[in-house]
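> Structure file entry11.cif (mmCIF, C-alpha atoms) right here:
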data_protein
#
loop_
_atom_site.label_atom_id
_atom_site.label_comp_id
_atom_site.auth_asym_id
_atom_site.auth_seq_id
_atom_site.Cartn_x
_atom_site.Cartn_y
_atom_site.Cartn_z
CA MET A 1 31.78 35.69 65.42
CA GLU A 2 35.42 36.65 65.66
CA ARG A 3 36.43 33.21 64.40
CA GLY A 4 34.54 33.98 61.24
CA GLU A 5 36.41 37.22 60.64
CA TYR A 6 38.38 36.01 57.58
CA LEU A 7 35.18 34.67 56.03
CA VAL A 8 33.40 37.94 56.76
CA VAL A 9 36.13 39.85 54.90
CA MET A 10 35.69 37.50 51.92
CA GLY A 11 31.91 37.95 52.08
CA LEU A 12 32.32 41.72 52.02
CA CYS A 13 34.47 41.39 48.88
CA LEU A 14 31.64 39.52 47.17
CA LEU A 15 29.09 42.02 48.41
CA ILE A 16 30.82 45.17 47.21
CA THR A 17 31.57 43.64 43.78
CA LEU A 18 27.98 42.48 43.25
CA PRO A 19 26.92 45.81 41.66
CA LEU A 20 29.52 45.16 38.94
CA GLU A 21 27.45 42.14 37.91
CA LEU A 22 24.03 43.70 38.46
CA LEU A 23 24.52 47.32 37.38
CA LEU A 24 27.52 47.23 35.05
CA GLY A 25 26.66 43.98 33.29
CA ALA A 26 29.83 42.05 34.11
CA ARG A 27 28.09 38.73 33.35
CA VAL A 28 30.62 36.68 35.32
CA TRP A 29 28.21 35.01 37.76
CA ARG A 30 25.83 34.48 34.85
CA ARG A 31 28.40 32.38 32.97
CA PRO A 32 29.02 29.66 35.57
CA ARG A 33 30.43 27.06 33.19
CA ARG A 34 33.01 29.42 31.75
CA LEU A 35 33.81 30.60 35.28
CA LEU A 36 34.38 27.03 36.44
CA VAL A 37 36.64 26.24 33.47
CA ALA A 38 38.74 29.34 34.19
CA MET A 39 38.88 28.93 37.97
CA VAL A 40 39.72 25.25 38.48
CA PRO A 41 43.37 25.35 37.30
CA LEU A 42 43.99 28.55 39.26
CA VAL A 43 42.51 27.23 42.49
CA VAL A 44 44.50 23.99 42.18
CA ALA A 45 47.79 25.78 41.45
CA TYR A 46 47.49 28.38 44.20
CA SER A 47 46.27 25.80 46.74
CA ILE A 48 49.37 23.70 46.10
CA TRP A 49 51.56 26.77 46.59
CA ASP A 50 49.68 27.68 49.77
CA ILE A 51 49.92 24.15 51.18
CA ALA A 52 53.66 24.07 50.48
CA MET A 53 54.19 27.44 52.17
CA ILE A 54 52.15 26.43 55.21
CA ALA A 55 54.08 23.14 55.46
CA GLY A 56 57.36 25.05 55.18
CA GLY A 57 56.34 27.44 57.94
CA SER A 58 56.39 30.56 55.74
CA TRP A 59 52.99 31.61 57.01
CA SER A 60 50.28 30.54 59.40
CA TYR A 61 46.86 31.71 60.47
CA SER A 62 45.34 33.20 63.58
CA ASP A 63 43.52 30.58 65.65
CA GLU A 64 41.13 33.23 66.91
CA LYS A 65 40.10 34.73 63.56
CA LEU A 66 39.60 31.61 61.46
CA THR A 67 36.91 28.96 61.79
CA GLY A 68 39.53 26.28 62.37
CA ILE A 69 38.03 24.14 59.61
CA LEU A 70 40.95 22.48 57.85
CA LEU A 71 40.86 20.99 54.36
CA PRO A 72 43.21 18.18 53.31
CA PHE A 73 46.92 19.03 53.73
CA GLU A 74 46.14 21.43 56.58
CA MET A 75 44.84 24.18 54.32
CA PRO A 76 42.33 26.39 56.13
CA LEU A 77 38.89 26.56 54.50
CA GLU A 78 39.33 30.34 54.35
CA GLU A 79 42.27 29.99 51.97
CA LEU A 80 40.20 28.02 49.47
CA VAL A 81 37.51 30.69 49.74
CA PHE A 82 40.17 33.37 49.14
CA PHE A 83 41.40 31.63 45.96
CA VAL A 84 37.83 31.59 44.65
CA VAL A 85 36.58 34.99 45.81
CA VAL A 86 39.51 37.28 44.99
CA PRO A 87 39.96 36.13 41.36
CA ILE A 88 36.19 36.41 40.81
CA CYS A 89 36.33 40.00 42.11
CA GLY A 90 39.08 40.57 39.55
CA LEU A 91 36.99 39.11 36.72
CA LEU A 92 33.99 41.23 37.70
CA THR A 93 36.24 44.30 37.62
CA LEU A 94 37.67 43.35 34.22
CA GLU A 95 34.25 42.88 32.64
CA ALA A 96 32.75 45.98 34.27
CA VAL A 97 35.67 48.16 33.16
CA GLY A 98 35.33 46.75 29.64
CA ASN A 99 31.62 47.57 29.61
CA VAL A 100 32.20 51.10 30.87
CA LEU A 101 34.86 51.66 28.19
CA THR A 102 32.45 50.34 25.55
CA ALA A 103 29.71 52.63 26.85
CA LEU A 104 32.07 55.63 26.79
CA GLY A 105 32.99 54.78 23.20
CA ARG A 106 29.32 54.71 22.23
CA LEU A 107 28.72 58.06 23.91
CA ARG A 108 31.68 59.53 22.07
CA ALA A 109 30.22 58.18 18.84
CA GLY A 110 27.15 60.28 19.55
CA GLU A 111 24.69 57.66 20.74
CA PRO A 112 21.96 58.91 23.08
CA VAL A 113 22.92 58.77 26.77
CA GLY A 114 19.66 57.09 27.73
CA ARG A 115 20.14 54.18 25.37
CA VAL A 116 23.79 53.64 26.38
CA LEU A 117 22.88 53.66 30.08
CA ARG A 118 19.98 51.30 29.46
CA ASP A 119 22.30 48.77 27.80
CA LEU A 120 25.01 48.98 30.48
CA PRO A 121 23.52 46.42 32.94
CA HIS A 122 23.25 43.96 30.06
CA GLY A 123 26.89 44.05 29.03
CA GLY A 124 27.69 47.49 27.64
CA GLY A 125 27.21 46.74 23.97
CA PRO A 126 23.98 47.42 22.12
CA ARG A 127 21.40 44.81 22.97
CA PRO A 128 20.34 42.66 20.04
CA ALA A 129 16.90 43.70 18.94
CA PRO A 130 14.29 41.15 20.03
CA ALA A 131 13.14 40.89 16.43
CA ALA A 132 16.54 39.50 15.37
CA SER A 133 16.06 36.13 17.05
CA THR A 134 12.63 35.52 15.58
CA GLY A 135 13.83 36.86 12.24
CA GLU A 136 16.37 34.04 12.02
CA LYS A 137 13.64 31.42 12.12
CA VAL A 138 11.68 33.13 9.39
CA ALA A 139 14.75 33.22 7.15
CA MET B 1 64.88 37.63 50.59
CA GLY B 2 63.43 34.21 51.19
CA ILE B 3 61.24 31.53 49.77
CA TYR B 4 58.15 33.75 49.69
CA THR B 5 60.00 36.54 47.86
CA LEU B 6 61.35 34.04 45.37
CA THR B 7 58.12 32.13 44.71
CA ALA B 8 56.09 35.35 44.47
CA LEU B 9 58.43 36.64 41.74
CA VAL B 10 58.43 33.25 40.00
CA SER B 11 54.62 33.19 40.04
CA VAL B 12 54.48 36.48 38.13
CA VAL B 13 57.00 35.23 35.56
CA VAL B 14 55.08 31.96 35.11
CA VAL B 15 51.74 33.75 34.69
CA LEU B 16 53.23 36.17 32.14
CA ALA B 17 54.80 33.22 30.30
CA ILE B 18 51.43 31.41 30.22
CA GLU B 19 49.89 34.48 28.58
CA LEU B 20 52.71 35.48 26.25
CA LEU B 21 53.96 32.07 25.13
CA TRP B 22 50.95 29.81 25.44
CA LEU B 23 47.40 31.19 25.64
CA ARG B 24 48.13 34.54 23.91
CA THR B 25 44.81 36.18 24.70
CA GLY B 26 46.38 39.59 24.06
CA ILE B 27 44.79 40.90 27.25
CA LEU B 28 48.01 42.66 28.32
CA ARG B 29 47.61 44.99 25.35
CA THR B 30 44.13 46.16 26.39
CA TRP B 31 43.16 49.22 28.40
CA ARG B 32 40.51 47.34 30.29
CA TYR B 33 43.10 44.94 31.72
CA TRP B 34 45.40 47.65 33.06
CA LEU B 35 42.55 49.78 34.36
CA ALA B 36 40.93 46.78 36.05
CA MET B 37 44.29 45.74 37.49
CA ALA B 38 44.85 49.22 38.93
CA ILE B 39 41.43 49.08 40.60
CA VAL B 40 42.06 45.56 41.93
CA MET B 41 45.46 46.51 43.36
CA GLY B 42 43.83 49.56 44.94
CA PHE B 43 41.27 47.39 46.70
CA GLN B 44 43.97 44.93 47.72
CA VAL B 45 45.31 47.55 50.14
CA PRO B 46 42.32 47.66 52.54
CA VAL B 47 41.58 43.92 52.28
CA ASP B 48 45.16 42.67 52.53
CA GLY B 49 45.92 45.41 55.03
CA TRP B 50 43.21 44.04 57.30
CA LEU B 51 44.46 40.45 56.94
CA THR B 52 48.11 41.30 57.66
CA LYS B 53 47.93 44.15 60.20
CA LEU B 54 50.59 43.41 62.80
CA SER B 55 48.45 44.77 65.65
CA ASP B 56 45.86 42.00 65.15
CA PRO B 57 46.81 39.78 62.22
CA LEU B 58 44.74 37.07 60.53
CA VAL B 59 47.73 35.85 58.55
CA LEU B 60 51.10 35.56 60.28
CA TYR B 61 54.27 35.53 58.21
CA ASN B 62 57.69 34.10 58.93
CA GLU B 63 59.85 37.19 58.43
CA ALA B 64 62.86 35.02 57.55
CA ASP B 65 61.11 33.89 54.34
CA MET B 66 60.57 37.37 52.89
CA THR B 67 62.20 40.76 52.43
CA GLY B 68 60.53 42.09 55.55
CA ILE B 69 59.46 45.19 53.66
CA ARG B 70 55.86 45.94 54.57
CA ALA B 71 54.01 48.81 52.91
CA PRO B 72 51.49 50.34 52.88
CA TRP B 73 50.58 49.57 56.48
CA ASP B 74 51.91 46.10 57.29
CA ILE B 75 51.32 44.44 53.93
CA PRO B 76 54.35 42.38 52.84
CA VAL B 77 55.45 43.70 49.42
CA GLU B 78 55.48 40.11 48.20
CA ASP B 79 51.68 40.05 48.55
CA PHE B 80 51.38 42.51 45.67
CA ALA B 81 53.30 40.19 43.35
CA PHE B 82 51.13 37.33 44.60
CA GLY B 83 47.92 39.26 43.94
CA PHE B 84 49.04 40.64 40.59
CA GLY B 85 49.98 37.16 39.35
CA MET B 86 46.85 35.47 40.66
CA VAL B 87 44.35 38.01 39.32
CA THR B 88 46.18 38.26 35.99
CA LEU B 89 46.03 34.46 35.67
CA ALA B 90 42.30 34.52 36.41
CA MET B 91 41.72 37.12 33.70
CA VAL B 92 43.85 35.26 31.14
CA LEU B 93 42.08 31.95 31.84
CA TRP B 94 38.68 33.67 31.74
CA VAL B 95 39.27 35.33 28.38
CA HIS B 96 40.76 32.12 27.02
CA ALA B 97 37.74 30.09 28.20
CA GLY B 98 35.44 32.62 26.56
CA ARG B 99 37.25 32.37 23.23
CA ARG B 100 37.03 28.60 23.36
CA GLU B 101 33.31 28.70 24.06
CA GLU B 102 32.88 31.13 21.19
CA ARG B 103 34.81 28.93 18.80
CA ARG B 104 32.81 25.89 19.82
CA ALA B 105 29.55 27.77 19.35
CA GLY B 106 30.78 28.93 15.94
CA ALA B 107 31.77 25.38 14.93
CA ALA B 108 28.33 24.04 15.76
CA PRO B 109 25.88 26.66 14.46
CA GLY B 110 22.87 24.44 15.10
CA THR B 111 23.38 24.29 18.85
CA ALA B 112 21.70 26.84 21.01
CA GLY B 113 24.00 28.44 23.51
CA PRO B 114 25.21 31.70 24.95
CA ARG B 115 26.49 33.37 21.82
CA GLN B 116 26.81 36.87 23.14
CA GLU B 117 30.43 37.59 24.00
CA GLN B 118 32.13 40.72 25.11
CA ARG B 119 34.73 42.52 23.10
CA ALA B 120 38.19 43.19 24.49
#
Let me see the structure of the file written as structure tokens.

Amino acid sequence: MERGEYLVVMGLCLLITLPLELLLGARVWRRPRRLLVAMVPLVVAYSIWDIAMIAGGSWSYSDEKLTGILLPFEMPLEELVFFVVVPICGLLTLEAVGNVLTALGRLRAGEPVGRVLRDLPHGGGPRPAPAASTGEKVA
Amino acid sequence: MGIYTLTALVSVVVVLAIELLWLRTGILRTWRYWLAMAIVMGFQVPVDGWLTKLSDPLVLYNEADMTGIRAPWDIPVEDFAFGFGMVTLAMVLWVHAGRREERRAGAAPGTAGPRQEQRA
């Protein structure tokens, strides 16, 4: 259990940011292709940096608190997880904050609280009326 | 001062250059970016603090490669530059990827796809 401690910390980060997706409509997890496109260059760049720093002896990891699973170039599995999880937490925060700001703007514009709160889990902006999509086909 | 101090500072400069000179998403001029960044840096303290606590560390640093300044708790100050650069890069790449998707969807109006995009 203790050897999984780093992974547990990363899991907790995912857990506490999940409400940003579910309740504040961050729509990060729900856009996997866009997420992949954004994340790949970052993960590659920061992994290279990490590998270089490990090789140069700038930092190392506790043998007792990590699984010991090593990826190519001696990078601990946990580091790869870190470079995926932490940026995603950042993106969830960015989108959630944007949605809350949008919702506050709508409230200030005098929209009913109930409607604004109802739209929040779907992305903050007013939801397109269901009639709009069918209306397109008619036109 | 050491290689970690230097590369952490360079990473921030490179990320800012990517945004300001290349991708130009304009995210640095939005409230949501700075508010989100403040929240992220706030949460970095407990998470990073746990990883770097000297009493029982998960990550061990070579003090010769950094300033040696650790605050709050035992977090190396360099970690904040690291985190700021990394999360900023993620946000810039994310917004950029969204714009590209939007443009592609706009260029091909016949294709069905996720059209709904957030505003900045």
> Name the residues that the PyMOL selection byres ((chain B) within 9 of (chain A)) picks from the file above, as a PyMOL selection string, using the file's chain letters and numbers.
chain B and resi 3-4+7+31-37+39-40+47+50-51+56-66+83+86-98+101+114+117-120
> How many Å lie between CA of Glu102 (chain B) and CA of Pro126 (chain A), rounded to one decimal?
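So the answer is 18.6 Å.
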> Report, in Å with one decimal, the straight-line distance from CA of Gly11 (chain A) to CA of Val81 (chain A).
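One can read the CA of Gly11 (chain A) to CA of Val81 (chain A) distance as 9.5 Å.
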> Quick one: residues within 12 Å of Pro72 (chain A), only C-alpha atoms, excluding same-chain residues fewer than 5 positions away - as a list of chain:residue names?
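Skipping anything fewer than 5 positions along the chain leaves A:Ser47, A:Ile48, A:Ile51, A:Leu77, A:Glu79, A:Leu80.
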> Using CA of Thr5 (chain B) and CA of Thr30 (chain B) as the two end points, give the distance in Å to one decimal.
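Pair CA of Thr5 (chain B) / CA of Thr30 (chain B) returns 28.4 Å.
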> Could I get region 34-64 of chain B rebuilt with N, CA and C atoms, written as a compact mmCIF listing (two decimals), in the coordinates of the input?

# COMPACT_ATOMS: atom_id res chain seq x y z
N TRP B 34 44.56 46.83 32.18
CA TRP B 34 45.40 47.65 33.06
C TRP B 34 44.57 48.53 34.00
N LEU B 35 43.44 49.02 33.49
CA LEU B 35 42.55 49.78 34.36
C LEU B 35 41.97 48.90 35.46
N ALA B 36 41.50 47.71 35.08
CA ALA B 36 40.93 46.78 36.05
C ALA B 36 42.00 46.38 37.07
N MET B 37 43.20 46.14 36.59
CA MET B 37 44.29 45.74 37.49
C MET B 37 44.61 46.85 38.49
N ALA B 38 44.59 48.10 38.03
CA ALA B 38 44.85 49.22 38.93
C ALA B 38 43.78 49.29 40.02
N ILE B 39 42.53 49.06 39.62
CA ILE B 39 41.43 49.08 40.60
C ILE B 39 41.59 47.92 41.59
N VAL B 40 41.91 46.74 41.06
CA VAL B 40 42.06 45.56 41.93
C VAL B 40 43.20 45.78 42.93
N MET B 41 44.33 46.30 42.45
CA MET B 41 45.46 46.51 43.36
C MET B 41 45.12 47.59 44.40
N GLY B 42 44.29 48.54 43.98
CA GLY B 42 43.83 49.56 44.94
C GLY B 42 43.01 48.95 46.06
N PHE B 43 42.11 48.03 45.69
CA PHE B 43 41.27 47.39 46.70
C PHE B 43 42.04 46.34 47.50
N GLN B 44 43.16 45.89 46.95
CA GLN B 44 43.97 44.93 47.72
C GLN B 44 44.48 45.57 49.01
N VAL B 45 44.72 46.88 48.97
CA VAL B 45 45.31 47.55 50.14
C VAL B 45 44.42 47.43 51.39
N PRO B 46 43.13 47.83 51.33
CA PRO B 46 42.32 47.66 52.54
C PRO B 46 42.10 46.20 52.94
N VAL B 47 41.87 45.32 51.95
CA VAL B 47 41.58 43.92 52.28
C VAL B 47 42.82 43.23 52.85
N ASP B 48 43.92 43.30 52.09
CA ASP B 48 45.16 42.67 52.53
C ASP B 48 45.69 43.36 53.79
N GLY B 49 45.49 44.66 53.85
CA GLY B 49 45.92 45.41 55.03
C GLY B 49 45.25 44.89 56.28
N TRP B 50 43.96 44.57 56.16
CA TRP B 50 43.21 44.04 57.30
C TRP B 50 43.73 42.65 57.69
N LEU B 51 44.02 41.82 56.67
CA LEU B 51 44.46 40.45 56.94
C LEU B 51 45.85 40.40 57.59
N THR B 52 46.69 41.39 57.27
CA THR B 52 48.11 41.30 57.66
C THR B 52 48.51 42.30 58.74
N LYS B 53 47.55 43.11 59.23
CA LYS B 53 47.93 44.15 60.20
C LYS B 53 48.62 43.51 61.41
N LEU B 54 49.77 44.03 61.75
CA LEU B 54 50.59 43.41 62.80
C LEU B 54 49.96 43.57 64.18
N SER B 55 49.08 44.57 64.35
CA SER B 55 48.45 44.77 65.65
C SER B 55 47.47 43.64 65.97
N ASP B 56 46.88 43.02 64.93
CA ASP B 56 45.86 42.00 65.15
C ASP B 56 45.71 41.15 63.88
N PRO B 57 46.78 40.41 63.54
CA PRO B 57 46.81 39.78 62.22
C PRO B 57 45.93 38.55 62.09
N LEU B 58 45.42 38.32 60.85
CA LEU B 58 44.74 37.07 60.53
C LEU B 58 45.73 36.09 59.92
N VAL B 59 46.67 36.66 59.16
CA VAL B 59 47.73 35.85 58.55
C VAL B 59 49.06 36.26 59.17
N LEU B 60 49.81 35.26 59.64
CA LEU B 60 51.10 35.56 60.28
C LEU B 60 52.22 35.02 59.41
N TYR B 61 53.18 35.89 59.12
CA TYR B 61 54.27 35.53 58.21
C TYR B 61 55.56 35.25 58.97
N ASN B 62 56.34 34.34 58.43
CA ASN B 62 57.69 34.10 58.93
C ASN B 62 58.62 35.11 58.25
N GLU B 63 59.07 36.08 59.01
CA GLU B 63 59.85 37.19 58.43
C GLU B 63 61.13 36.70 57.74
N ALA B 64 61.62 35.54 58.15
CA ALA B 64 62.86 35.02 57.55
C ALA B 64 62.66 34.61 56.10
